[in-house]
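As stored in query22.tsv (TSV, C-alpha atoms):
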chain	number	residue	atom	x	y	z
R	42	MET	CA	-24.81	68.82	-98.45
R	43	SER	CA	-26.11	71.46	-100.84
R	44	VAL	CA	-27.91	74.41	-99.38
R	45	THR	CA	-29.47	77.30	-101.19
R	46	LYS	CA	-28.57	80.84	-100.33
R	47	GLU	CA	-32.21	81.39	-99.40
R	48	GLN	CA	-32.08	78.56	-96.86
R	49	VAL	CA	-28.91	79.97	-95.34
R	50	GLN	CA	-30.43	83.46	-95.22
R	51	GLU	CA	-33.52	82.13	-93.46
R	52	ARG	CA	-31.46	80.27	-90.85
R	53	VAL	CA	-29.14	83.20	-90.21
R	54	VAL	CA	-32.07	85.59	-89.77
R	55	GLU	CA	-33.70	83.12	-87.39
R	56	ALA	CA	-30.52	82.80	-85.34
R	57	LEU	CA	-29.90	86.55	-85.21
R	58	ALA	CA	-33.52	87.19	-84.20
R	59	SER	CA	-33.02	84.84	-81.23
R	60	PHE	CA	-30.30	87.20	-79.98
R	61	GLY	CA	-32.68	90.14	-79.72
R	62	PRO	CA	-33.43	92.18	-82.85
R	63	ASP	CA	-36.82	92.09	-84.58
R	64	ALA	CA	-36.82	89.76	-87.57
R	65	ASP	CA	-38.02	92.50	-89.95
R	66	THR	CA	-34.98	94.67	-89.16
R	67	ILE	CA	-32.63	91.84	-90.17
R	68	THR	CA	-32.11	92.63	-93.84
R	69	PRO	CA	-29.06	91.67	-95.96
R	70	SER	CA	-27.72	95.21	-95.79
R	71	ALA	CA	-28.24	95.61	-92.04
R	72	THR	CA	-24.99	95.87	-90.11
R	73	PHE	CA	-24.42	93.97	-86.88
R	74	GLU	CA	-23.80	97.29	-85.21
R	75	GLU	CA	-27.25	98.57	-86.23
R	76	LEU	CA	-28.81	95.35	-84.96
R	77	ASP	CA	-26.93	95.50	-81.65
R	78	ILE	CA	-25.35	92.13	-82.40
R	79	ASP	CA	-22.06	91.89	-80.55
R	80	SER	CA	-19.11	89.52	-80.53
R	81	LEU	CA	-20.75	87.02	-78.15
R	82	ASP	CA	-23.74	86.77	-80.50
R	83	LEU	CA	-21.40	86.20	-83.44
R	84	VAL	CA	-19.57	83.45	-81.52
R	85	GLU	CA	-22.89	81.72	-81.02
R	86	LEU	CA	-23.83	82.26	-84.68
R	87	ALA	CA	-20.51	80.68	-85.70
R	88	GLN	CA	-21.31	77.65	-83.53
R	89	ILE	CA	-24.76	77.29	-85.11
R	90	VAL	CA	-23.26	77.61	-88.59
R	91	GLU	CA	-20.63	74.98	-87.82
R	92	ASP	CA	-23.18	72.56	-86.35
R	93	GLU	CA	-25.69	72.90	-89.17
R	94	TYR	CA	-23.57	73.52	-92.26
R	95	GLY	CA	-20.18	72.20	-91.25
R	96	VAL	CA	-18.76	75.59	-92.14
R	97	VAL	CA	-16.10	76.84	-89.73
R	98	LEU	CA	-15.99	80.59	-89.18
R	99	LYS	CA	-12.74	81.61	-87.53
R	100	GLY	CA	-11.85	84.79	-85.66
R	101	GLU	CA	-10.27	86.37	-88.73
R	102	ASP	CA	-13.40	85.61	-90.77
R	103	MET	CA	-15.68	87.18	-88.17
R	104	LYS	CA	-13.72	90.44	-88.20
R	105	GLU	CA	-14.42	90.95	-91.91
R	106	LEU	CA	-18.15	90.41	-91.55
R	107	LYS	CA	-20.07	93.64	-91.15
R	108	THR	CA	-23.55	92.92	-92.52
R	109	VAL	CA	-26.05	90.10	-92.48
R	110	GLY	CA	-25.46	89.73	-96.21
R	111	ASP	CA	-21.71	89.23	-95.63
R	112	VAL	CA	-22.38	86.23	-93.35
R	113	VAL	CA	-24.93	84.66	-95.69
R	114	GLU	CA	-22.52	85.07	-98.62
R	115	LEU	CA	-19.60	83.52	-96.76
R	116	ILE	CA	-21.58	80.53	-95.51
R	117	SER	CA	-23.19	79.88	-98.90
R	118	THR	CA	-19.82	80.01	-100.64
R	119	ARG	CA	-18.15	77.67	-98.16
R	120	ALA	CA	-21.06	75.25	-97.92
R	121	ALA	CA	-21.13	74.77	-101.69
Y	142	MET	CA	-37.42	82.24	-62.17
Y	143	SER	CA	-39.15	79.67	-60.01
Y	144	GLU	CA	-41.09	78.20	-62.95
Y	145	VAL	CA	-37.86	76.74	-64.32
Y	146	SER	CA	-37.40	73.21	-63.05
Y	147	TRP	CA	-34.05	72.51	-61.44
Y	148	PRO	CA	-31.80	70.77	-62.23
Y	149	PRO	CA	-32.52	71.75	-65.84
Y	150	ALA	CA	-32.50	69.20	-68.68
Y	151	GLY	CA	-28.81	68.53	-68.33
Y	152	CYS	CA	-26.21	66.58	-66.43
Y	153	ALA	CA	-23.16	67.48	-64.37
Y	154	LEU	CA	-19.48	66.66	-64.82
Y	155	VAL	CA	-16.87	66.79	-62.07
Y	156	THR	CA	-13.22	66.47	-63.07
Y	157	GLY	CA	-11.01	64.69	-60.56
Y	158	GLY	CA	-14.08	63.27	-58.91
Y	159	SER	CA	-12.69	60.00	-57.58
Y	160	ARG	CA	-11.33	61.29	-54.27
Y	161	GLY	CA	-11.24	64.12	-51.77
Y	162	ILE	CA	-13.05	67.31	-52.63
Y	163	GLY	CA	-14.08	66.05	-56.08
Y	164	ALA	CA	-15.77	62.96	-54.68
Y	165	ALA	CA	-17.65	65.04	-52.12
Y	166	ILE	CA	-18.76	67.44	-54.86
Y	167	ALA	CA	-20.00	64.59	-57.06
Y	168	LYS	CA	-22.06	63.21	-54.17
Y	169	GLN	CA	-23.44	66.65	-53.32
Y	170	LEU	CA	-24.59	67.31	-56.89
Y	171	ALA	CA	-26.13	63.85	-57.14
Y	172	ALA	CA	-28.00	64.47	-53.90
Y	173	ASP	CA	-29.24	67.73	-55.42
Y	174	GLY	CA	-30.75	65.78	-58.31
Y	175	TRP	CA	-28.05	65.93	-60.98
Y	176	ALA	CA	-26.91	62.95	-63.02
Y	177	VAL	CA	-23.15	63.16	-62.48
Y	178	GLY	CA	-20.15	62.23	-64.60
Y	179	VAL	CA	-17.26	61.37	-62.25
Y	180	ASN	CA	-14.04	61.90	-64.17
Y	181	TYR	CA	-10.82	60.32	-62.93
Y	182	ARG	CA	-7.34	59.84	-64.35
Y	183	SER	CA	-6.16	56.51	-62.89
Y	184	GLN	CA	-8.06	55.75	-59.67
Y	185	SER	CA	-10.76	53.67	-61.32
Y	186	ALA	CA	-11.66	51.73	-58.17
Y	187	ALA	CA	-12.12	54.93	-56.19
Y	188	ALA	CA	-14.21	56.46	-58.98
Y	189	GLU	CA	-16.43	53.38	-59.19
Y	190	GLN	CA	-16.81	53.54	-55.42
Y	191	VAL	CA	-18.12	57.11	-55.71
Y	192	VAL	CA	-20.56	55.98	-58.42
Y	193	ALA	CA	-21.70	53.06	-56.25
Y	194	GLU	CA	-22.31	55.33	-53.27
Y	195	ILE	CA	-24.29	57.76	-55.39
Y	196	GLU	CA	-26.41	54.97	-56.85
Y	197	ALA	CA	-26.96	53.39	-53.45
Y	198	ALA	CA	-28.40	56.72	-52.33
Y	199	GLY	CA	-30.78	56.74	-55.30
Y	200	GLY	CA	-28.77	58.97	-57.60
Y	201	ARG	CA	-27.26	58.57	-61.07
Y	202	ALA	CA	-23.57	58.61	-61.89
Y	203	LEU	CA	-21.02	57.43	-64.42
Y	204	ALA	CA	-17.25	57.09	-64.02
Y	205	ILE	CA	-15.21	58.37	-66.99
Y	206	ALA	CA	-11.48	58.00	-67.38
Y	207	ALA	CA	-9.53	60.85	-68.95
Y	208	ASP	CA	-6.37	62.76	-68.15
Y	209	VAL	CA	-7.56	66.36	-68.09
Y	210	THR	CA	-4.26	67.57	-69.57
Y	211	ASP	CA	-5.08	65.68	-72.78
Y	212	PRO	CA	-6.47	68.21	-75.30
Y	213	ALA	CA	-9.04	65.58	-76.26
Y	214	ALA	CA	-10.20	65.11	-72.67
Y	215	PRO	CA	-13.16	67.52	-72.89
Y	216	SER	CA	-14.51	65.78	-76.00
Y	217	ILE	CA	-13.99	62.32	-74.51
Y	218	THR	CA	-15.66	63.09	-71.19
Y	219	PHE	CA	-18.51	65.20	-72.50
Y	220	GLU	CA	-19.43	62.72	-75.21
Y	221	ALA	CA	-19.40	59.80	-72.77
Y	222	VAL	CA	-21.57	61.58	-70.23
Y	223	GLU	CA	-23.96	63.11	-72.74
Y	224	GLN	CA	-24.47	59.83	-74.52
Y	225	HIS	CA	-25.04	57.95	-71.27
Y	226	PHE	CA	-27.51	60.38	-69.74
Y	227	GLY	CA	-29.00	61.66	-73.00
Y	228	VAL	CA	-28.74	65.34	-72.04
Y	229	PRO	CA	-26.02	67.99	-72.41
Y	230	VAL	CA	-23.62	68.90	-69.61
Y	231	LEU	CA	-25.11	71.99	-67.98
Y	232	ALA	CA	-23.07	71.91	-64.77
Y	233	LEU	CA	-19.28	71.63	-64.87
Y	234	VAL	CA	-16.96	71.55	-61.87
Y	235	ASN	CA	-13.29	71.98	-62.75
Y	236	ASN	CA	-11.83	70.31	-59.71
Y	237	ALA	CA	-8.95	68.18	-60.99
Y	238	GLY	CA	-5.73	69.54	-59.58
Y	239	ILE	CA	-2.21	68.55	-58.55
Y	240	SER	CA	0.59	70.15	-56.62
Y	241	ARG	CA	4.33	69.87	-57.21
Y	242	ASP	CA	5.82	71.95	-54.45
Y	243	ASN	CA	9.26	73.51	-54.58
Y	244	LEU	CA	10.84	76.86	-53.85
Y	245	SER	CA	11.08	79.04	-56.94
Y	246	PRO	CA	14.89	78.96	-57.30
Y	247	SER	CA	14.69	75.15	-57.50
Y	248	LEU	CA	11.36	74.68	-59.25
Y	249	THR	CA	11.81	72.67	-62.46
Y	250	ASP	CA	10.11	73.26	-65.80
Y	251	ASP	CA	8.27	69.95	-65.41
Y	252	GLU	CA	6.95	70.90	-61.97
Y	253	TRP	CA	5.81	74.26	-63.29
Y	254	ASN	CA	4.24	72.97	-66.49
Y	255	ALA	CA	2.45	70.01	-64.92
Y	256	VAL	CA	0.72	72.20	-62.36
Y	257	ILE	CA	-0.24	74.90	-64.88
Y	258	ASP	CA	-1.53	72.30	-67.37
Y	259	THR	CA	-3.66	70.38	-64.89
Y	260	ASN	CA	-4.93	73.20	-62.70
Y	261	LEU	CA	-5.38	76.02	-65.22
Y	262	THR	CA	-5.16	75.00	-68.87
Y	263	ALA	CA	-7.43	71.98	-68.42
Y	264	ALA	CA	-10.05	74.14	-66.71
Y	265	PHE	CA	-9.94	76.53	-69.67
Y	266	ARG	CA	-10.37	73.72	-72.19
Y	267	PHE	CA	-13.24	72.11	-70.31
Y	268	THR	CA	-14.94	75.49	-69.86
Y	269	ARG	CA	-14.57	76.33	-73.54
Y	270	HIS	CA	-16.17	73.03	-74.46
Y	271	ALA	CA	-19.00	73.37	-71.95
Y	272	LEU	CA	-19.99	76.91	-72.91
Y	273	LYS	CA	-21.26	75.93	-76.34
Y	274	ALA	CA	-24.21	73.89	-75.10
Y	275	MET	CA	-24.75	76.06	-72.03
Y	276	MET	CA	-25.03	79.24	-74.12
Y	277	ARG	CA	-27.46	77.55	-76.50
Y	278	ALA	CA	-29.52	76.27	-73.56
Y	279	ARG	CA	-29.47	79.77	-72.02
Y	280	THR	CA	-28.50	78.18	-68.70
Y	281	GLY	CA	-25.38	76.70	-67.16
Y	282	ARG	CA	-23.24	76.47	-64.07
Y	283	ILE	CA	-19.47	76.30	-64.02
Y	284	VAL	CA	-17.56	76.17	-60.73
Y	285	ASN	CA	-13.78	76.26	-60.69
Y	286	ILE	CA	-12.04	74.92	-57.62
Y	287	ALA	CA	-9.28	77.40	-56.88
Y	288	SER	CA	-7.52	77.76	-53.52
Y	289	VAL	CA	-6.63	80.19	-50.75
Y	290	VAL	CA	-3.13	79.85	-52.23
Y	291	GLY	CA	-4.43	81.63	-55.34
Y	292	LEU	CA	-5.22	84.64	-53.16
Y	293	ARG	CA	-2.45	84.60	-50.53
Y	294	ALA	CA	1.21	83.64	-50.86
Y	295	ASN	CA	2.30	80.24	-49.62
Y	296	ALA	CA	6.04	79.62	-49.87
Y	297	GLY	CA	6.86	76.53	-51.90
Y	298	GLN	CA	3.76	76.81	-54.05
Y	299	SER	CA	4.55	79.52	-56.57
Y	300	ASN	CA	3.42	77.20	-59.41
Y	301	TYR	CA	0.24	76.13	-57.62
Y	302	GLY	CA	-0.46	79.72	-56.53
Y	303	ALA	CA	0.06	81.06	-60.04
Y	304	ALA	CA	-2.22	78.41	-61.52
Y	305	LYS	CA	-4.96	79.03	-58.95
Y	306	ALA	CA	-4.70	82.82	-59.25
Y	307	GLY	CA	-4.86	82.40	-63.00
Y	308	LEU	CA	-7.92	80.19	-62.58
Y	309	ILE	CA	-9.61	82.89	-60.49
Y	310	GLN	CA	-9.05	85.59	-63.10
Y	311	PHE	CA	-10.09	83.25	-65.90
Y	312	THR	CA	-13.27	82.60	-63.91
Y	313	ARG	CA	-14.08	86.29	-63.59
Y	314	THR	CA	-13.36	87.12	-67.23
Y	315	ALA	CA	-15.26	84.21	-68.73
Y	316	ALA	CA	-18.12	84.93	-66.35
Y	317	VAL	CA	-18.68	88.46	-67.62
Y	318	GLU	CA	-18.41	87.31	-71.22
Y	319	VAL	CA	-21.32	84.90	-70.99
Y	320	ALA	CA	-23.43	86.27	-68.16
Y	321	ARG	CA	-26.27	87.41	-70.34
Y	322	ARG	CA	-26.78	83.87	-71.63
Y	323	GLY	CA	-27.83	82.69	-68.15
Y	324	VAL	CA	-24.53	80.92	-67.53
Y	325	THR	CA	-22.78	81.58	-64.22
Y	326	ILE	CA	-19.10	80.90	-63.66
Y	327	ASN	CA	-17.70	81.10	-60.13
Y	328	ALA	CA	-14.72	79.92	-58.13
Y	329	VAL	CA	-14.52	78.29	-54.73
Y	330	ALA	CA	-11.25	78.85	-52.83
Y	331	PRO	CA	-10.71	76.15	-50.22
Y	332	GLY	CA	-8.13	76.54	-47.50
Y	333	TRP	CA	-6.66	73.52	-45.73
Y	334	ILE	CA	-9.01	70.61	-46.32
Y	335	GLU	CA	-8.54	67.04	-45.03
Y	336	THR	CA	-7.66	65.07	-48.18
Y	337	ASP	CA	-4.83	62.99	-49.64
Y	338	MET	CA	-3.32	66.18	-51.03
Y	339	THR	CA	-2.82	67.66	-47.57
Y	340	ALA	CA	-2.10	64.43	-45.68
Y	341	ASP	CA	1.59	65.26	-45.38
Y	342	VAL	CA	1.07	68.89	-44.44
Y	343	ASN	CA	2.63	69.93	-41.16
Y	344	THR	CA	-0.15	70.32	-38.62
Y	345	ASP	CA	1.64	73.39	-37.18
Y	346	LEU	CA	0.30	75.20	-40.22
Y	347	LEU	CA	-3.22	74.66	-38.91
Y	348	GLU	CA	-2.43	77.01	-36.04
Y	349	ALA	CA	-2.44	79.81	-38.59
Y	350	VAL	CA	-6.03	78.96	-39.45
Y	351	PRO	CA	-8.39	81.13	-37.40
Y	352	ALA	CA	-10.84	78.25	-37.12
Y	353	ARG	CA	-7.95	76.11	-35.73
Y	354	ARG	CA	-8.86	73.10	-37.82
Y	355	ALA	CA	-8.80	71.79	-41.35
Y	356	GLY	CA	-12.01	71.86	-43.31
Y	357	THR	CA	-13.75	68.78	-44.69
Y	358	PRO	CA	-14.48	67.94	-48.33
Y	359	ALA	CA	-18.19	68.08	-47.50
Y	360	GLU	CA	-17.83	71.70	-46.35
Y	361	VAL	CA	-16.33	72.60	-49.73
Y	362	ALA	CA	-18.94	70.56	-51.59
Y	363	ALA	CA	-21.72	72.45	-49.85
Y	364	CYS	CA	-20.37	75.69	-51.31
Y	365	VAL	CA	-20.23	74.18	-54.78
Y	366	GLY	CA	-23.76	72.88	-54.32
Y	367	PHE	CA	-24.97	76.37	-53.55
Y	368	LEU	CA	-23.26	77.93	-56.58
Y	369	VAL	CA	-24.72	75.25	-58.86
Y	370	SER	CA	-28.21	75.73	-57.40
Y	371	GLN	CA	-31.00	77.69	-58.99
Y	372	GLN	CA	-30.91	80.12	-56.05
Y	373	ALA	CA	-27.40	81.24	-57.04
Y	374	SER	CA	-28.58	82.46	-60.46
Y	375	TYR	CA	-27.39	86.05	-59.82
Y	376	VAL	CA	-23.96	85.02	-58.50
Y	377	THR	CA	-21.30	85.08	-61.19
Y	378	GLY	CA	-17.63	85.99	-61.39
Y	379	ALA	CA	-17.43	85.49	-57.63
Y	380	VAL	CA	-14.83	83.75	-55.48
Y	381	LEU	CA	-16.25	81.97	-52.46
Y	382	SER	CA	-13.55	81.27	-49.90
Y	383	VAL	CA	-14.06	78.25	-47.67
Y	384	ASP	CA	-10.95	78.39	-45.53
Y	385	GLY	CA	-11.85	78.89	-41.86
Y	386	GLY	CA	-10.77	82.52	-42.15
Y	387	LEU	CA	-7.25	81.80	-43.42
Y	388	GLY	CA	-7.41	84.15	-46.37
Y	389	ALA	CA	-9.34	86.94	-44.69

If you convert what's in this file into structure tokens, what do you get?
Amino acid sequence: MSVTKEQVQERVVEALASFGPDADTITPSATFEELDIDSLDLVELAQIVEDEYGVVLKGEDMKELKTVGDVVELISTRAA
Amino acid sequence: MSEVSWPPAGCALVTGGSRGIGAAIAKQLAADGWAVGVNYRSQSAAAEQVVAEIEAAGGRALAIAADVTDPAAPSITFEAVEQHFGVPVLALVNNAGISRDNLSPSLTDDEWNAVIDTNLTAAFRFTRHALKAMMRARTGRIVNIASVVGLRANAGQSNYGAAKAGLIQFTRTAAVEVARRGVTINAVAPGWIETDMTADVNTDLLEAVPARRAGTPAEVAACVGFLVSQQASYVTGAVLSVDGGLGA
């Protein structure tokens, strides 16, 4: 299944917004810390990503991800 | 809170639901309006009997065979139940349990491992599987059936006690992890209850019970029913003892 980076970005922003932060604060350079997104939120994001893109994000992967852009990049690369 | 209909758009799953406490729990949840998956390992006739009784009373139930120690058991049982009822599992009762009593100097690896696998590891695996849908639904109820033996020493049950104590701490930890998603996870700690598991227990032991009698599966099921109810929405990480005062 081919997905564009834009589609992934849109979905990730939507998911993150459902965890609390305002959608307009969720920019590619925004860090999870700034957005108050914690490890439970990221676990749920990983589940959404796996369900919808078939991309598995493991614990080690999650540790490296600091910004919204990092997640979008990783998913887009692996979904390709 | 009261605008949310209850049970929510989900079904319930009880492991080890063919007999004893599990069967009583399955019937209680069905009476409370849940469609219930009754998991069993080998007692298919007993499980079907539970299903028949639930249906005769106007409820919905499905018997599902799976050995909870099988790593694939959560997938097998959840898929069967979710496909049959068309909704995700939003109430899980980890009740399946065994005992293999022996004093510690004589306890074998098999006796230790079997009890840990069935009573603790299986509960972890089923909980892990259940949390995905429950977190997404922003609602869920998990009740782990522990034991007074997980809180107070009982000679001859170091494996059972360790598994049940482990189950209690797993309950508390998982509960605080997911609390803000509207999922509650609690434990019920029964004392001596009249079931097959305690049929051979020396009745002298009942003299140590302040209530001077064994409890019934229905008395345990009532506690589970409360914890699964909408009214218990602020109870999480708790251990509800139902033991006639034995552990007090």

**Prompt:** chain R residues within 10 Å of chain Y, counting all atoms listed in the file: which ones, as a list in words?
**Reply:** Phe60, Ser80, Leu81, Asp82, Val84, Glu85, Gln88 and Ile89 of chain R

**Prompt:** From the list Y:Ala264, Y:Cys364, Y:Ala320, Y:Ala214, which residue is nearest Y:Gln169 when using only C-alpha atoms?
**Reply:**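 Using only C-alpha atoms, Y:Gln169 sits closest to Y:Cys364.
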
Box along x, y and z, 6 Å on every side, all listed atoms of stretch 376-379 of chain Y inside: centre and edge lengths in Å to one decimal, as lines of an AutoDock Vina configuration file.
center_x = -20.7
center_y = 85.5
center_z = -59.5
size_x = 18.5
size_y = 13.0
size_z = 15.8

So that I can check the surroundings of Y:Asp337, please list as an mmCIF file with C-alpha atoms, in the coordinates of the input every protein, DNA and RNA residue that reaches within 9 Å of it, counting all atoms listed in the file and ignoring chain neighbours fewer than 3 positions away.
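Saved the output as around.cif:
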data_model
loop_
_atom_site.group_PDB
_atom_site.id
_atom_site.type_symbol
_atom_site.label_atom_id
_atom_site.label_comp_id
_atom_site.auth_asym_id
_atom_site.auth_seq_id
_atom_site.Cartn_x
_atom_site.Cartn_y
_atom_site.Cartn_z
ATOM 1 C CA ARG Y 160 -11.330 61.290 -54.270
ATOM 2 C CA GLY Y 161 -11.240 64.120 -51.770
ATOM 3 C CA ALA Y 340 -2.100 64.430 -45.680
ATOM 4 C CA ASP Y 341 1.590 65.260 -45.380
#

**Asked** What is the distance, in Å and to one decimal place, between atom CA of Y:Asn300 and atom CA of Y:Ser159?
**Response**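 Separation of atom CA of Y:Asn300 and atom CA of Y:Ser159: 23.6 Å.
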
Using all atoms listed in the file, which protein or nucleic acid residues come within 8 Å of Y:Ala271? Drop anything in the same chain fewer than 6 positions from it, and give the result as a compact mmCIF listing (two decimals) with C-alpha atoms, in the frame of the given file.
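Writing done, so here's part.txt:
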# COMPACT_ATOMS: atom_id res chain seq x y z
CA VAL Y 230 -23.62 68.90 -69.61
CA LEU Y 231 -25.11 71.99 -67.98
CA LEU Y 233 -19.28 71.63 -64.87

In the coordinates of the file, take the point (-31.2, 78.8, -98.4) and a cut-off of 12 Å; then, counting only C-alpha atoms, name each qualifying protein, DNA or RNA residue as an mmCIF file with C-alpha atoms, in the coordinates of the input.
data_model
loop_
_atom_site.group_PDB
_atom_site.id
_atom_site.type_symbol
_atom_site.label_atom_id
_atom_site.label_comp_id
_atom_site.auth_asym_id
_atom_site.auth_seq_id
_atom_site.Cartn_x
_atom_site.Cartn_y
_atom_site.Cartn_z
ATOM 1 C CA MET R 42 -24.810 68.820 -98.450
ATOM 2 C CA SER R 43 -26.110 71.460 -100.840
ATOM 3 C CA VAL R 44 -27.910 74.410 -99.380
ATOM 4 C CA THR R 45 -29.470 77.300 -101.190
ATOM 5 C CA LYS R 46 -28.570 80.840 -100.330
ATOM 6 C CA GLU R 47 -32.210 81.390 -99.400
ATOM 7 C CA GLN R 48 -32.080 78.560 -96.860
ATOM 8 C CA VAL R 49 -28.910 79.970 -95.340
ATOM 9 C CA GLN R 50 -30.430 83.460 -95.220
ATOM 10 C CA GLU R 51 -33.520 82.130 -93.460
ATOM 11 C CA ARG R 52 -31.460 80.270 -90.850
ATOM 12 C CA VAL R 53 -29.140 83.200 -90.210
ATOM 13 C CA VAL R 54 -32.070 85.590 -89.770
ATOM 14 C CA TYR R 94 -23.570 73.520 -92.260
ATOM 15 C CA VAL R 113 -24.930 84.660 -95.690
ATOM 16 C CA GLU R 114 -22.520 85.070 -98.620
ATOM 17 C CA ILE R 116 -21.580 80.530 -95.510
ATOM 18 C CA SER R 117 -23.190 79.880 -98.900
ATOM 19 C CA THR R 118 -19.820 80.010 -100.640
ATOM 20 C CA ALA R 120 -21.060 75.250 -97.920
ATOM 21 C CA ALA R 121 -21.130 74.770 -101.690
#

**Request:** List the neighbours of stretch 188-196 of chain Y out to 9 Å using only C-alpha atoms; skip same-chain residues closer than 4 positions along the sequence, and give me the result as a ChimeraX atom specification.
**Result:** /Y:157-160,164-165,167-168,171-172,177-181,183-184,200-206

In file coordinates, which residues lie within 12 Å of (-24.3, 80.0, -56.1) using only C-alpha atoms, given as a PDB file with C-alpha atoms, keeping the file's coordinate frame?
ATOM      1  CA  ALA Y 232     -23.070  71.910 -64.770  1.00  0.00           C
ATOM      2  CA  GLY Y 281     -25.380  76.700 -67.160  1.00  0.00           C
ATOM      3  CA  ARG Y 282     -23.240  76.470 -64.070  1.00  0.00           C
ATOM      4  CA  ILE Y 283     -19.470  76.300 -64.020  1.00  0.00           C
ATOM      5  CA  VAL Y 284     -17.560  76.170 -60.730  1.00  0.00           C
ATOM      6  CA  VAL Y 324     -24.530  80.920 -67.530  1.00  0.00           C
ATOM      7  CA  THR Y 325     -22.780  81.580 -64.220  1.00  0.00           C
ATOM      8  CA  ILE Y 326     -19.100  80.900 -63.660  1.00  0.00           C
ATOM      9  CA  ASN Y 327     -17.700  81.100 -60.130  1.00  0.00           C
ATOM     10  CA  ALA Y 328     -14.720  79.920 -58.130  1.00  0.00           C
ATOM     11  CA  VAL Y 329     -14.520  78.290 -54.730  1.00  0.00           C
ATOM     12  CA  ALA Y 362     -18.940  70.560 -51.590  1.00  0.00           C
ATOM     13  CA  ALA Y 363     -21.720  72.450 -49.850  1.00  0.00           C
ATOM     14  CA  CYS Y 364     -20.370  75.690 -51.310  1.00  0.00           C
ATOM     15  CA  VAL Y 365     -20.230  74.180 -54.780  1.00  0.00           C
ATOM     16  CA  GLY Y 366     -23.760  72.880 -54.320  1.00  0.00           C
ATOM     17  CA  PHE Y 367     -24.970  76.370 -53.550  1.00  0.00           C
ATOM     18  CA  LEU Y 368     -23.260  77.930 -56.580  1.00  0.00           C
ATOM     19  CA  VAL Y 369     -24.720  75.250 -58.860  1.00  0.00           C
ATOM     20  CA  SER Y 370     -28.210  75.730 -57.400  1.00  0.00           C
ATOM     21  CA  GLN Y 371     -31.000  77.690 -58.990  1.00  0.00           C
ATOM     22  CA  GLN Y 372     -30.910  80.120 -56.050  1.00  0.00           C
ATOM     23  CA  ALA Y 373     -27.400  81.240 -57.040  1.00  0.00           C
ATOM     24  CA  SER Y 374     -28.580  82.460 -60.460  1.00  0.00           C
ATOM     25  CA  TYR Y 375     -27.390  86.050 -59.820  1.00  0.00           C
ATOM     26  CA  VAL Y 376     -23.960  85.020 -58.500  1.00  0.00           C
ATOM     27  CA  THR Y 377     -21.300  85.080 -61.190  1.00  0.00           C
ATOM     28  CA  GLY Y 378     -17.630  85.990 -61.390  1.00  0.00           C
ATOM     29  CA  ALA Y 379     -17.430  85.490 -57.630  1.00  0.00           C
ATOM     30  CA  VAL Y 380     -14.830  83.750 -55.480  1.00  0.00           C
ATOM     31  CA  LEU Y 381     -16.250  81.970 -52.460  1.00  0.00           C
TER      32      LEU Y 381
END

**Within 8 Å of Y:Val234 using all atoms listed in the file, minus same-chain residues under 2 positions, as JSON, numbers by chain** = {"Y": [153, 154, 155, 156, 232, 236, 283, 284, 285, 286]}

**Message:** Set the distance at 12 Å and use only C-alpha atoms: which residues neighbour Y:Ser288 once local chain neighbours fewer than 3 positions away are removed? I'd like the list as a PyMOL selection string.
**Reply:** chain Y and resi 162+236+238-240+260+285+291-295+298+301-309+328-334+361+380-384+387-388

**Asked** What does the distance between atom CA of Y:Pro351 and atom CA of Y:Gly385 come to in Å, to one decimal place?
**Response**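 If I compute the distance from atom CA of Y:Pro351 to atom CA of Y:Gly385, I get 6.1 Å.
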
**Item:** Top pick for closest residue to R:Arg119, considering R:Glu105, R:Glu91, R:Asp63, R:Glu55 and counting only C-alpha atoms
**Value:**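 Once distances to R:Arg119 are computed over only C-alpha atoms, the minimum belongs to R:Glu91.
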
**Prompt:** For the atom pair atom CA of Y:Leu244 and atom CA of Y:Pro358, what is the interatomic distance in Å to one decimal place?
**Reply:**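 Taking atom CA of Y:Leu244 as the start and atom CA of Y:Pro358 as the end point, the length is 27.4 Å.
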
**Message:** When you count all atoms listed in the file, which of these residues is closest to Y:His270: Y:Ala213, Y:Ile257, Y:Ala296, Y:Val342?
**Reply:** Y:Ala213

Could you please fill out stretch 340-346 of chain Y with N, CA and C atoms and send it back as a short mmCIF file (atom, residue, chain, number, x, y, z; two decimals), in the frame of the given file?
data_model
loop_
_atom_site.label_atom_id
_atom_site.label_comp_id
_atom_site.auth_asym_id
_atom_site.auth_seq_id
_atom_site.Cartn_x
_atom_site.Cartn_y
_atom_site.Cartn_z
N ALA Y 340 -2.41 65.42 -46.72
CA ALA Y 340 -2.10 64.43 -45.68
C ALA Y 340 -0.72 64.64 -45.05
N ASP Y 341 0.23 65.10 -45.89
CA ASP Y 341 1.59 65.26 -45.38
C ASP Y 341 1.86 66.66 -44.85
N VAL Y 342 0.86 67.51 -44.88
CA VAL Y 342 1.07 68.89 -44.44
C VAL Y 342 1.30 68.95 -42.94
N ASN Y 343 2.29 69.74 -42.56
CA ASN Y 343 2.63 69.93 -41.16
C ASN Y 343 1.45 70.52 -40.39
N THR Y 344 1.04 69.84 -39.34
CA THR Y 344 -0.15 70.32 -38.62
C THR Y 344 0.10 71.65 -37.90
N ASP Y 345 1.36 72.06 -37.76
CA ASP Y 345 1.64 73.39 -37.18
C ASP Y 345 0.97 74.47 -38.02
N LEU Y 346 0.88 74.21 -39.33
CA LEU Y 346 0.30 75.20 -40.22
C LEU Y 346 -1.16 75.47 -39.86
#
